[in-house]
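Raw work11.csv, CSV, C-alpha atoms:
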```
chain,number,residue,atom,x,y,z
Z,1,MET,CA,104.0,-31.3,-102.4
Z,2,ARG,CA,106.1,-30.0,-99.5
Z,3,GLU,CA,103.6,-27.3,-98.7
Z,4,HIS,CA,100.8,-29.9,-98.8
Z,5,LYS,CA,102.6,-32.0,-96.2
Z,6,ILE,CA,103.2,-29.0,-94.0
Z,7,LYS,CA,99.5,-28.1,-94.1
Z,8,ILE,CA,98.5,-31.7,-93.2
Z,9,LEU,CA,101.0,-31.7,-90.3
Z,10,SER,CA,99.8,-28.3,-89.0
Z,11,PHE,CA,96.2,-29.5,-89.2
Z,12,SER,CA,97.1,-32.7,-87.3
Z,13,ARG,CA,98.8,-30.7,-84.5
Z,14,LEU,CA,95.9,-28.3,-84.3
Z,15,LEU,CA,93.4,-31.2,-84.1
Z,16,LEU,CA,95.6,-32.9,-81.4
Z,17,ILE,CA,95.8,-29.8,-79.3
Z,18,SER,CA,92.0,-29.1,-79.6
Z,19,THR,CA,91.2,-32.7,-78.6
Z,20,PHE,CA,93.5,-32.3,-75.5
Z,21,ILE,CA,91.9,-29.1,-74.5
Z,22,LEU,CA,88.4,-30.5,-74.9
Z,23,ALA,CA,89.4,-33.6,-72.9
Z,24,ILE,CA,90.3,-31.5,-69.8
Z,25,PRO,CA,87.3,-31.9,-67.4
Z,26,ASN,CA,85.6,-28.9,-66.0
Z,27,ALA,CA,85.9,-30.0,-62.4
Z,28,HIS,CA,84.0,-27.2,-60.8
Z,29,SER,CA,81.2,-25.1,-62.4
Z,30,SER,CA,81.4,-21.4,-61.8
Z,31,SER,CA,77.7,-20.9,-61.3
Z,32,LEU,CA,76.3,-20.2,-57.8
Z,33,ASP,CA,73.5,-22.7,-58.3
Z,34,SER,CA,75.9,-25.4,-59.1
Z,35,TRP,CA,77.8,-24.9,-55.8
Z,36,PHE,CA,74.5,-25.1,-53.9
Z,37,LYS,CA,73.7,-28.4,-55.6
Z,38,TYR,CA,77.2,-29.7,-54.8
Z,39,SER,CA,76.5,-29.2,-51.1
Z,40,TRP,CA,73.0,-30.7,-51.4
Z,41,ASP,CA,74.3,-33.8,-53.1
Z,42,TYR,CA,77.2,-34.1,-50.6
Z,43,SER,CA,75.3,-33.5,-47.4
Z,44,PRO,CA,74.2,-36.6,-45.3
Z,45,GLU,CA,71.6,-34.4,-43.6
Z,46,ILE,CA,69.9,-33.7,-46.9
Z,47,LYS,CA,70.0,-37.4,-47.8
Z,48,SER,CA,68.4,-38.1,-44.4
Z,49,SER,CA,65.7,-35.5,-45.0
Z,50,GLU,CA,64.9,-36.9,-48.5
Z,51,ALA,CA,64.5,-40.4,-46.8
Z,52,SER,CA,62.1,-38.8,-44.3
Z,53,VAL,CA,60.0,-37.4,-47.2
Z,54,LYS,CA,59.9,-40.9,-48.8
Z,55,LEU,CA,58.9,-42.4,-45.4
Z,56,VAL,CA,56.0,-39.9,-45.0
Z,57,GLU,CA,55.0,-40.5,-48.6
Z,58,ALA,CA,54.6,-44.2,-47.8
Z,59,ASN,CA,52.6,-43.4,-44.7
Z,60,SER,CA,50.3,-41.1,-46.7
Z,61,LEU,CA,49.8,-43.9,-49.3
Z,62,ALA,CA,49.0,-46.3,-46.5
Z,63,ALA,CA,46.4,-43.9,-45.1
Z,64,SER,CA,44.6,-43.9,-48.5
Z,65,SER,CA,44.0,-47.7,-48.1
Z,66,ASP,CA,41.2,-46.9,-45.5
Z,67,PHE,CA,39.1,-45.8,-48.4
Z,68,MET,CA,39.6,-49.0,-50.3
Z,69,PRO,CA,37.7,-52.3,-49.7
Z,70,SER,CA,39.7,-55.2,-48.2
Z,71,LEU,CA,39.5,-58.6,-49.9
Z,72,PHE,CA,40.6,-61.8,-48.2
Z,73,ALA,CA,40.1,-65.5,-48.1
Z,74,ARG,CA,39.4,-67.5,-44.9
Z,75,TYR,CA,39.6,-71.2,-44.1
Z,76,GLN,CA,38.2,-72.5,-40.8
Z,77,TYR,CA,38.6,-75.9,-39.3
Z,78,ARG,CA,36.9,-77.0,-36.1
Z,79,GLU,CA,36.6,-80.4,-34.3
Z,80,ASN,CA,34.4,-80.9,-31.2
Z,81,GLU,CA,34.3,-83.6,-28.5
Z,82,GLN,CA,32.1,-85.9,-30.7
Z,83,SER,CA,34.8,-85.8,-33.3
Z,84,ARG,CA,32.5,-83.8,-35.5
Z,85,GLN,CA,34.6,-81.7,-38.0
Z,86,THR,CA,33.7,-78.4,-39.4
Z,87,LYS,CA,35.5,-77.0,-42.5
Z,88,VAL,CA,34.6,-73.7,-44.1
Z,89,PHE,CA,36.3,-71.9,-46.9
Z,90,SER,CA,35.1,-68.5,-47.9
Z,91,LEU,CA,36.0,-65.4,-50.0
Z,92,ASN,CA,35.2,-62.1,-48.2
Z,93,ALA,CA,35.0,-58.4,-48.8
Z,94,GLU,CA,34.8,-55.6,-46.3
Z,95,GLN,CA,34.3,-51.8,-46.7
Z,96,ASN,CA,34.3,-49.1,-44.1
Z,97,LEU,CA,31.1,-47.1,-44.6
Z,98,PHE,CA,31.4,-44.8,-41.6
Z,99,ASN,CA,33.7,-44.4,-38.7
Z,100,GLY,CA,33.2,-40.8,-37.6
Z,101,PHE,CA,35.3,-39.5,-40.6
Z,102,GLY,CA,38.4,-40.9,-38.9
Z,103,ASP,CA,39.8,-42.2,-42.1
Z,104,PHE,CA,39.3,-38.8,-43.8
Z,105,TYR,CA,41.0,-36.9,-41.0
Z,106,SER,CA,43.8,-39.5,-40.9
Z,107,LYS,CA,44.5,-39.0,-44.6
Z,108,LYS,CA,44.4,-35.2,-44.3
Z,109,SER,CA,46.8,-35.3,-41.4
Z,110,ASN,CA,49.3,-37.5,-43.3
Z,111,SER,CA,49.0,-35.2,-46.4
Z,112,LYS,CA,49.9,-32.2,-44.3
Z,113,LEU,CA,52.8,-34.0,-42.7
Z,114,LEU,CA,54.1,-34.8,-46.2
Z,115,GLU,CA,53.9,-31.2,-47.2
Z,116,ALA,CA,55.6,-30.3,-43.9
Z,117,GLU,CA,58.5,-32.7,-44.6
Z,118,ARG,CA,58.9,-31.4,-48.1
Z,119,SER,CA,59.1,-27.8,-46.8
Z,120,ALA,CA,61.5,-28.9,-44.1
Z,121,LEU,CA,63.7,-30.4,-46.8
Z,122,GLU,CA,63.7,-27.1,-48.8
Z,123,TYR,CA,64.5,-25.2,-45.6
Z,124,LYS,CA,67.5,-27.4,-44.9
Z,125,LYS,CA,68.7,-26.9,-48.4
Z,126,MET,CA,68.4,-23.1,-48.0
Z,127,SER,CA,70.2,-23.3,-44.7
Z,128,LEU,CA,73.0,-25.2,-46.3
Z,129,ALA,CA,73.0,-22.8,-49.2
Z,130,ARG,CA,73.5,-19.9,-46.7
Z,131,ILE,CA,76.6,-21.6,-45.3
Z,132,VAL,CA,78.0,-22.2,-48.7
Z,133,GLY,CA,77.2,-18.7,-49.8
Z,134,ASP,CA,78.8,-17.2,-46.7
Z,135,THR,CA,81.9,-19.3,-47.4
Z,136,LEU,CA,82.1,-18.2,-51.0
Z,137,LEU,CA,81.7,-14.6,-49.9
Z,138,LYS,CA,84.6,-15.0,-47.5
Z,139,LEU,CA,86.7,-16.5,-50.3
Z,140,ALA,CA,85.9,-13.7,-52.7
Z,141,SER,CA,86.4,-11.0,-50.1
Z,142,THR,CA,89.7,-12.4,-48.9
Z,143,THR,CA,91.0,-12.9,-52.5
Z,144,THR,CA,90.1,-9.3,-53.4
Z,145,GLN,CA,91.7,-8.0,-50.2
Z,146,MET,CA,94.9,-9.9,-51.0
Z,147,SER,CA,94.9,-8.4,-54.5
Z,148,ILE,CA,94.6,-4.9,-53.0
Z,149,LEU,CA,97.4,-5.6,-50.6
Z,150,ASP,CA,99.6,-6.9,-53.5
Z,151,GLU,CA,98.9,-3.7,-55.3
Z,152,ASN,CA,99.9,-1.6,-52.3
Z,153,ALA,CA,103.1,-3.7,-51.9
Z,154,LYS,CA,104.0,-2.6,-55.4
Z,155,ILE,CA,103.5,1.0,-54.4
Z,156,LEU,CA,105.8,0.5,-51.4
Z,157,ASP,CA,108.5,-1.1,-53.6
Z,158,LYS,CA,108.2,1.7,-56.0
Z,159,ARG,CA,108.6,4.2,-53.2
Z,160,LEU,CA,111.6,2.4,-51.8
Z,161,VAL,CA,113.3,2.8,-55.2
Z,162,GLU,CA,112.6,6.6,-54.9
Z,163,PHE,CA,114.1,6.6,-51.4
Z,164,LYS,CA,117.3,4.9,-52.6
Z,165,ARG,CA,117.5,7.4,-55.5
Z,166,ARG,CA,117.2,10.3,-53.0
Z,167,THR,CA,119.9,8.7,-50.8
Z,168,ARG,CA,122.3,8.7,-53.7
Z,169,ILE,CA,121.8,12.4,-54.1
Z,170,GLY,CA,121.7,13.2,-50.4
Z,171,LYS,CA,118.1,14.2,-50.2
Z,172,SER,CA,116.7,11.2,-48.2
Z,173,ARG,CA,116.3,10.9,-44.5
Z,174,ASP,CA,116.5,7.8,-42.3
Z,175,VAL,CA,112.9,8.3,-41.2
Z,176,ASP,CA,111.7,7.7,-44.8
Z,177,LEU,CA,113.3,4.3,-44.9
Z,178,ILE,CA,112.1,3.4,-41.4
Z,179,GLN,CA,108.5,4.4,-42.2
Z,180,ASN,CA,108.6,2.4,-45.5
Z,181,GLN,CA,109.8,-0.7,-43.5
Z,182,ILE,CA,107.0,-0.2,-40.9
Z,183,ASP,CA,104.4,0.0,-43.7
Z,184,ARG,CA,105.8,-3.1,-45.3
Z,185,ILE,CA,105.7,-5.1,-42.1
Z,186,GLN,CA,102.1,-4.1,-41.4
Z,187,LEU,CA,101.3,-5.1,-45.0
Z,188,GLU,CA,102.9,-8.5,-44.6
Z,189,ARG,CA,100.9,-9.1,-41.4
Z,190,GLN,CA,97.7,-8.3,-43.1
Z,191,LYS,CA,98.6,-10.6,-46.0
Z,192,ALA,CA,99.4,-13.4,-43.5
Z,193,THR,CA,96.0,-12.9,-41.8
Z,194,ASN,CA,94.2,-13.0,-45.2
Z,195,LYS,CA,96.1,-16.2,-46.1
Z,196,ARG,CA,94.9,-17.9,-43.0
Z,197,ASN,CA,91.3,-16.7,-43.7
Z,198,LEU,CA,91.6,-18.0,-47.3
Z,199,LEU,CA,92.8,-21.5,-46.2
Z,200,SER,CA,90.0,-21.6,-43.6
Z,201,ALA,CA,87.3,-20.8,-46.1
Z,202,LEU,CA,88.7,-23.3,-48.6
Z,203,ALA,CA,88.6,-26.0,-45.9
Z,204,THR,CA,85.0,-25.1,-45.0
Z,205,LEU,CA,83.9,-25.2,-48.6
Z,206,LYS,CA,85.5,-28.6,-49.0
Z,207,GLU,CA,83.7,-29.8,-45.8
Z,208,TYR,CA,80.3,-28.9,-47.1
Z,209,THR,CA,80.7,-29.6,-50.9
Z,210,GLY,CA,83.4,-32.2,-51.1
Z,211,LYS,CA,85.2,-30.0,-53.7
Z,212,ASP,CA,88.9,-29.3,-53.3
Z,213,ILE,CA,89.9,-26.0,-54.9
Z,214,GLN,CA,92.8,-23.7,-54.5
Z,215,GLU,CA,91.2,-20.3,-55.1
Z,216,SER,CA,87.9,-18.4,-55.2
Z,217,PRO,CA,85.7,-19.5,-58.1
Z,218,PHE,CA,84.1,-16.0,-58.1
Z,219,SER,CA,85.1,-12.4,-58.1
Z,220,MET,CA,83.2,-10.3,-55.5
Z,221,GLY,CA,81.2,-8.4,-58.2
Z,222,GLN,CA,80.2,-11.6,-60.0
Z,223,LEU,CA,79.2,-13.4,-56.8
Z,224,LEU,CA,77.0,-10.5,-55.6
Z,225,LYS,CA,75.2,-10.4,-59.0
Z,226,GLU,CA,74.5,-14.1,-58.8
Z,227,LEU,CA,73.4,-13.9,-55.2
Z,228,ASP,CA,71.1,-11.1,-56.1
Z,229,ALA,CA,69.6,-13.0,-59.1
Z,230,TYR,CA,69.2,-16.2,-57.0
Z,231,HIS,CA,67.5,-14.3,-54.2
Z,232,SER,CA,65.2,-12.6,-56.6
Z,233,SER,CA,64.1,-16.0,-58.1
Z,234,LEU,CA,62.8,-17.2,-54.7
Z,235,THR,CA,59.1,-17.1,-53.9
Z,236,LYS,CA,59.5,-14.8,-50.9
Z,237,GLU,CA,57.6,-17.4,-48.8
Z,238,SER,CA,59.6,-18.9,-45.9
Z,239,PHE,CA,60.0,-22.7,-46.1
Z,240,ARG,CA,60.2,-22.7,-42.3
Z,241,ARG,CA,56.9,-20.9,-41.9
Z,242,THR,CA,55.3,-23.3,-44.5
Z,243,GLU,CA,56.7,-26.3,-42.6
Z,244,LEU,CA,55.4,-25.1,-39.2
Z,245,ARG,CA,52.0,-24.2,-40.6
Z,246,HIS,CA,51.6,-27.6,-42.2
Z,247,ARG,CA,52.6,-29.3,-39.0
Z,248,LEU,CA,50.0,-27.3,-37.1
Z,249,GLU,CA,47.3,-28.3,-39.6
Z,250,ALA,CA,48.3,-31.9,-39.4
Z,251,LYS,CA,47.9,-31.8,-35.6
Z,252,GLU,CA,44.4,-30.2,-36.0
Z,253,PHE,CA,43.4,-33.1,-38.2
Z,254,SER,CA,44.9,-35.6,-35.7
Z,255,VAL,CA,42.7,-34.1,-33.0
Z,256,GLN,CA,39.6,-34.5,-35.1
Z,257,SER,CA,40.7,-38.1,-35.9
Z,258,LYS,CA,40.8,-38.8,-32.1
Z,259,TYR,CA,37.3,-37.4,-31.7
Z,260,SER,CA,36.0,-39.8,-34.4
Z,261,THR,CA,36.7,-42.7,-32.0
Z,262,TYR,CA,33.6,-41.7,-30.0
Z,263,TRP,CA,31.4,-42.4,-33.0
Z,264,PRO,CA,29.9,-45.8,-34.0
Z,265,THR,CA,31.5,-47.6,-37.0
Z,266,LEU,CA,29.5,-49.0,-39.8
Z,267,LYS,CA,31.1,-51.6,-42.1
Z,268,GLY,CA,29.7,-53.4,-45.1
Z,269,VAL,CA,30.6,-57.1,-45.5
Z,270,ALA,CA,30.1,-59.7,-48.2
Z,271,SER,CA,31.1,-63.4,-48.3
Z,272,TYR,CA,31.1,-66.1,-50.9
Z,273,TYR,CA,31.1,-69.8,-49.9
Z,274,PRO,CA,32.1,-72.2,-52.6
Z,275,GLU,CA,30.1,-75.4,-52.5
Z,276,ASN,CA,31.1,-77.4,-49.4
Z,277,ASP,CA,30.5,-81.0,-48.4
Z,278,SER,CA,27.2,-80.7,-46.4
Z,279,ARG,CA,28.3,-83.4,-44.1
Z,280,PHE,CA,31.1,-81.3,-42.7
Z,281,SER,CA,30.1,-77.7,-43.4
Z,282,GLN,CA,27.8,-75.8,-41.2
Z,283,TYR,CA,26.9,-73.4,-44.0
Z,284,THR,CA,24.8,-74.2,-47.0
Z,285,ASP,CA,24.4,-70.7,-48.4
Z,286,ASP,CA,26.5,-69.8,-51.4
Z,287,TRP,CA,26.9,-66.1,-50.5
Z,288,SER,CA,25.9,-63.6,-47.9
Z,289,VAL,CA,25.8,-59.7,-47.7
Z,290,GLY,CA,25.3,-57.6,-44.6
Z,291,VAL,CA,26.5,-54.7,-42.4
Z,292,ASP,CA,28.3,-54.6,-39.1
Z,293,LEU,CA,27.5,-51.8,-36.7
Z,294,GLU,CA,29.9,-51.4,-33.7
Z,295,TRP,CA,29.9,-48.7,-31.0
Z,296,ARG,CA,32.4,-48.9,-28.2
Z,297,PHE,CA,31.0,-47.2,-25.2
Z,298,PHE,CA,33.9,-47.6,-22.8
Z,299,GLU,CA,37.5,-48.7,-23.2
Z,300,GLY,CA,39.0,-47.2,-20.1
Z,301,PHE,CA,40.7,-43.8,-20.4
Z,302,ALA,CA,43.0,-44.6,-23.2
Z,303,GLY,CA,41.0,-42.8,-25.8
Z,304,LYS,CA,40.7,-39.6,-23.7
Z,305,ALA,CA,44.4,-39.7,-22.9
Z,306,GLN,CA,45.3,-39.9,-26.6
Z,307,LEU,CA,42.9,-37.0,-27.4
Z,308,ASN,CA,44.5,-34.9,-24.7
Z,309,GLN,CA,47.9,-35.8,-26.0
Z,310,GLU,CA,47.0,-34.7,-29.5
Z,311,LYS,CA,45.6,-31.4,-28.1
Z,312,ALA,CA,48.8,-30.7,-26.3
Z,313,LEU,CA,50.9,-31.4,-29.4
Z,314,ARG,CA,48.6,-29.1,-31.4
Z,315,GLN,CA,49.2,-26.3,-28.8
Z,316,LEU,CA,52.9,-26.8,-29.0
Z,317,ALA,CA,52.8,-26.6,-32.8
Z,318,GLU,CA,50.8,-23.4,-32.6
Z,319,SER,CA,53.1,-21.8,-30.1
Z,320,GLU,CA,56.2,-22.7,-32.2
Z,321,LEU,CA,54.6,-21.2,-35.3
Z,322,GLN,CA,53.7,-18.0,-33.3
Z,323,ARG,CA,57.3,-17.8,-32.0
Z,324,PHE,CA,58.7,-18.1,-35.5
Z,325,GLU,CA,56.4,-15.3,-36.8
Z,326,ASN,CA,57.4,-12.9,-34.0
Z,327,ASP,CA,61.1,-13.7,-34.5
Z,328,ASN,CA,60.8,-13.5,-38.3
Z,329,ILE,CA,59.2,-10.1,-38.2
Z,330,GLU,CA,61.9,-8.7,-36.1
Z,331,SER,CA,64.8,-10.3,-38.0
Z,332,THR,CA,63.3,-9.3,-41.4
Z,333,GLN,CA,63.0,-5.7,-40.4
Z,334,ARG,CA,66.5,-5.7,-39.0
Z,335,LEU,CA,67.9,-7.0,-42.3
Z,336,LYS,CA,66.0,-4.4,-44.2
Z,337,ASP,CA,67.4,-1.6,-42.0
Z,338,GLU,CA,70.9,-3.0,-42.3
Z,339,TRP,CA,70.5,-3.3,-46.1
Z,340,ALA,CA,69.4,0.4,-46.4
Z,341,GLN,CA,72.2,1.5,-44.2
Z,342,LEU,CA,74.8,-0.4,-46.2
Z,343,LEU,CA,73.6,0.9,-49.5
Z,344,ALA,CA,74.0,4.5,-48.1
Z,345,GLU,CA,77.5,3.7,-46.8
Z,346,ARG,CA,78.4,2.2,-50.2
Z,347,LYS,CA,77.6,5.5,-51.9
Z,348,LEU,CA,79.6,7.5,-49.4
Z,349,VAL,CA,82.6,5.2,-49.6
Z,350,ALA,CA,82.5,5.3,-53.4
Z,351,GLU,CA,82.6,9.1,-53.4
Z,352,ALA,CA,85.3,9.1,-50.7
Z,353,GLU,CA,87.4,6.6,-52.7
Z,354,ARG,CA,87.1,8.8,-55.8
Z,355,LEU,CA,88.3,11.9,-53.9
Z,356,SER,CA,91.0,9.8,-52.2
Z,357,VAL,CA,92.5,8.7,-55.5
Z,358,LYS,CA,92.8,12.4,-56.5
Z,359,SER,CA,94.4,13.2,-53.1
Z,360,PHE,CA,96.8,10.3,-53.3
Z,361,LYS,CA,98.0,11.2,-56.8
Z,362,ALA,CA,98.5,14.8,-55.7
Z,363,GLN,CA,100.4,13.7,-52.6
Z,364,GLU,CA,102.6,11.5,-54.7
Z,365,ARG,CA,103.4,14.3,-57.1
Z,366,ASP,CA,104.1,16.7,-54.2
Z,367,PHE,CA,106.3,14.1,-52.5
Z,368,ARG,CA,108.5,13.8,-55.6
Z,369,LEU,CA,108.8,17.6,-55.6
Z,370,GLY,CA,109.7,17.5,-51.9
Z,371,LEU,CA,106.6,19.4,-50.8
Z,372,VAL,CA,105.3,16.8,-48.4
Z,373,THR,CA,106.9,14.4,-46.0
Z,374,VAL,CA,106.9,10.6,-46.2
Z,375,LEU,CA,104.7,10.4,-43.2
Z,376,GLU,CA,102.0,12.6,-44.9
Z,377,LEU,CA,102.3,10.4,-48.0
Z,378,SER,CA,102.0,7.2,-45.9
Z,379,ASN,CA,98.8,8.6,-44.2
Z,380,SER,CA,97.3,9.3,-47.6
Z,381,ASP,CA,98.3,5.9,-48.8
Z,382,GLU,CA,96.8,4.2,-45.8
Z,383,GLN,CA,93.6,6.2,-46.1
Z,384,TYR,CA,93.2,5.1,-49.8
Z,385,LEU,CA,93.9,1.5,-48.9
Z,386,ASN,CA,91.4,1.5,-46.0
Z,387,LEU,CA,88.7,2.9,-48.3
Z,388,LYS,CA,89.3,0.1,-50.8
Z,389,LEU,CA,89.1,-2.5,-48.1
Z,390,GLU,CA,86.0,-0.9,-46.6
Z,391,LYS,CA,84.4,-1.1,-50.0
Z,392,ILE,CA,85.0,-4.8,-50.1
Z,393,SER,CA,83.8,-5.2,-46.5
Z,394,ILE,CA,80.5,-3.5,-47.4
Z,395,GLN,CA,80.1,-5.7,-50.5
Z,396,GLU,CA,80.6,-8.8,-48.3
Z,397,LYS,CA,78.1,-7.6,-45.7
Z,398,LEU,CA,75.5,-7.0,-48.5
Z,399,GLY,CA,76.2,-10.5,-49.7
Z,400,LEU,CA,75.8,-11.9,-46.1
Z,401,ILE,CA,72.4,-10.3,-45.8
Z,402,LEU,CA,71.3,-11.9,-49.1
Z,403,THR,CA,72.5,-15.4,-48.0
Z,404,GLN,CA,70.7,-14.9,-44.7
Z,405,ALA,CA,67.6,-14.0,-46.6
Z,406,LEU,CA,67.8,-17.4,-48.4
Z,407,GLU,CA,66.6,-19.2,-45.2
Z,408,SER,CA,63.5,-16.9,-45.3
Z,409,GLY,CA,62.7,-17.8,-48.8
Z,410,GLY,CA,63.7,-14.3,-49.9
Z,411,ILE,CA,62.8,-10.9,-48.5
Z,412,GLU,CA,61.0,-8.2,-50.5
Z,413,GLY,CA,62.9,-5.0,-51.1
Z,414,LEU,CA,66.5,-6.4,-51.0
Z,415,ARG,CA,67.9,-5.5,-54.5
Z,416,LEU,CA,71.3,-4.2,-55.3
```

Written as structure tokens, how would this file's structure read?
Amino acid sequence: MREHKIKILSFSRLLLISTFILAIPNAHSSSLDSWFKYSWDYSPEIKSSEASVKLVEANSLAASSDFMPSLFARYQYRENEQSRQTKVFSLNAEQNLFNGFGDFYSKKSNSKLLEAERSALEYKKMSLARIVGDTLLKLASTTTQMSILDENAKILDKRLVEFKRRTRIGKSRDVDLIQNQIDRIQLERQKATNKRNLLSALATLKEYTGKDIQESPFSMGQLLKELDAYHSSLTKESFRRTELRHRLEAKEFSVQSKYSTYWPTLKGVASYYPENDSRFSQYTDDWSVGVDLEWRFFEGFAGKAQLNQEKALRQLAESELQRFENDNIESTQRLKDEWAQLLAERKLVAEAERLSVKSFKAQERDFRLGLVTVLELSNSDEQYLNLKLEKISIQEKLGLILTQALESGGIEGLRL
């Protein structure tokens, strides 16, 4: 009976602990895509762009109404000098039959503007993703550097113990302790700099995502893999290029729409007159059907001015697209060259690090045997540390190229 009670008590405790663990909220997801979405949901600029898309959607829907008939009721009341009254109530329908294809070009222009706004929204999202990606890279890089410096601090502490041991047996020199103190001071300065960089990156991440964290959510290797995978999933089509191209096409349709004002307009009309009192109504027909033809020969220079304005706006859109294409070709090639150079450097640093580890261990062994000086050991230690930091720096630069490529919708050939 006692064992049964103990089992029930143990099971209850286990259930309570499990419930408590499951109840702890997972405040921040560790996936890169989640951090991008945090920034998009938090950004007022993204919310503004989404509102702009909805506004253009409404304008595009309104442009479609030109293809639909208009139905309306009309009541007219007139009284002349002889006190004769005229009252007419009618139901009417009108349909544009031809206006120089102005309604068609207007709808096409609004459709292209809608596509441009959607592309602009995606471009702003990718620009924000680049900022968040850069910040996460700085966090991961700084955190890794701090870990390397902590590892080096342990080496210096271990070496200090060796110096004290040598002092007790009379084999240590003052220069050994002084050099150890210099190395330690330089190390602490680097750690202080990294601490400032870490706090700055955390503040930037909170500014753009609204998330308050205390450490990097990614290791450098994990972040690079996720950036590489996210970049590979993109279409390799620049959202900015798509936006500018759609804006240019919208302006071209706007120009054609202005040309349509020089054409006559043809409208079909139909009216139904319910039975009216013949004493007061001037109409006796129950219904009527007809067409209206209108051709405006001259309305001043307003039409020509509007046409010239649309042509100028089209030229501006064309030049902006051309400027983007030129800049994009140059920047894409530059990123590809930097990428290739960094991959080559990464191989060299990896090989140098492998050899430096062997050299460092050999120097440490010789130092314990008294075959090398502390200055030689310090130089070997510094070389090993610098190679590890350079490796992290190269990884960060590779990541920065990937985040920069996000704004271009991805760049072919950038794979880790």

(request) Rank Z:Leu156, Z:Leu177, Z:Met220, Z:Met146 by their smallest atom-to-atom distance to Lys191 of chain Z, using all atoms listed in the file, and report the top residue only. (result) Z:Met146

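For the pair atom CA of Asn96 of chain Z and atom CA of Tyr77 of chain Z, the interatomic distance is 27.6 Å.
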
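Near Gln186 of chain Z, within 12 Å and counting all atoms listed in the file, sit Leu149, Asn152, Ala153, Leu156, Gln179, Asn180, Gln181, Ile182, Gln190, Lys191, Ala192, Thr193 and Glu382 of chain Z, not including residues fewer than 4 positions from it in the same chain.
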
(message) I need the residue nearest Asp134 of chain Z from this list: Z:Tyr38, Z:Leu205, Z:Glu252, Z:Ala116. Use all atoms listed in the file for the distance.
(response)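 Using all atoms listed in the file, the shortest distance to Asp134 of chain Z belongs to Z:Leu205.
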
Mind running segment 130-187 of chain Z against segment 341-364 of chain Z at 12 Å and telling me each contacting residue's nearest atom pair with the distance in Å (one decimal), counting all atoms listed in the file, chain and number ascending, as JSON lines?
```
{"residue": "Z:Ile155", "atom": "CA", "partner": "Z:Glu364", "partner_atom": "CA", "distance": 10.5}
{"residue": "Z:Leu156", "atom": "CA", "partner": "Z:Glu364", "partner_atom": "CA", "distance": 11.9}
{"residue": "Z:Lys158", "atom": "CA", "partner": "Z:Glu364", "partner_atom": "CA", "distance": 11.4}
{"residue": "Z:Arg159", "atom": "CA", "partner": "Z:Glu364", "partner_atom": "CA", "distance": 9.6}
{"residue": "Z:Glu162", "atom": "CA", "partner": "Z:Glu364", "partner_atom": "CA", "distance": 11.1}
```
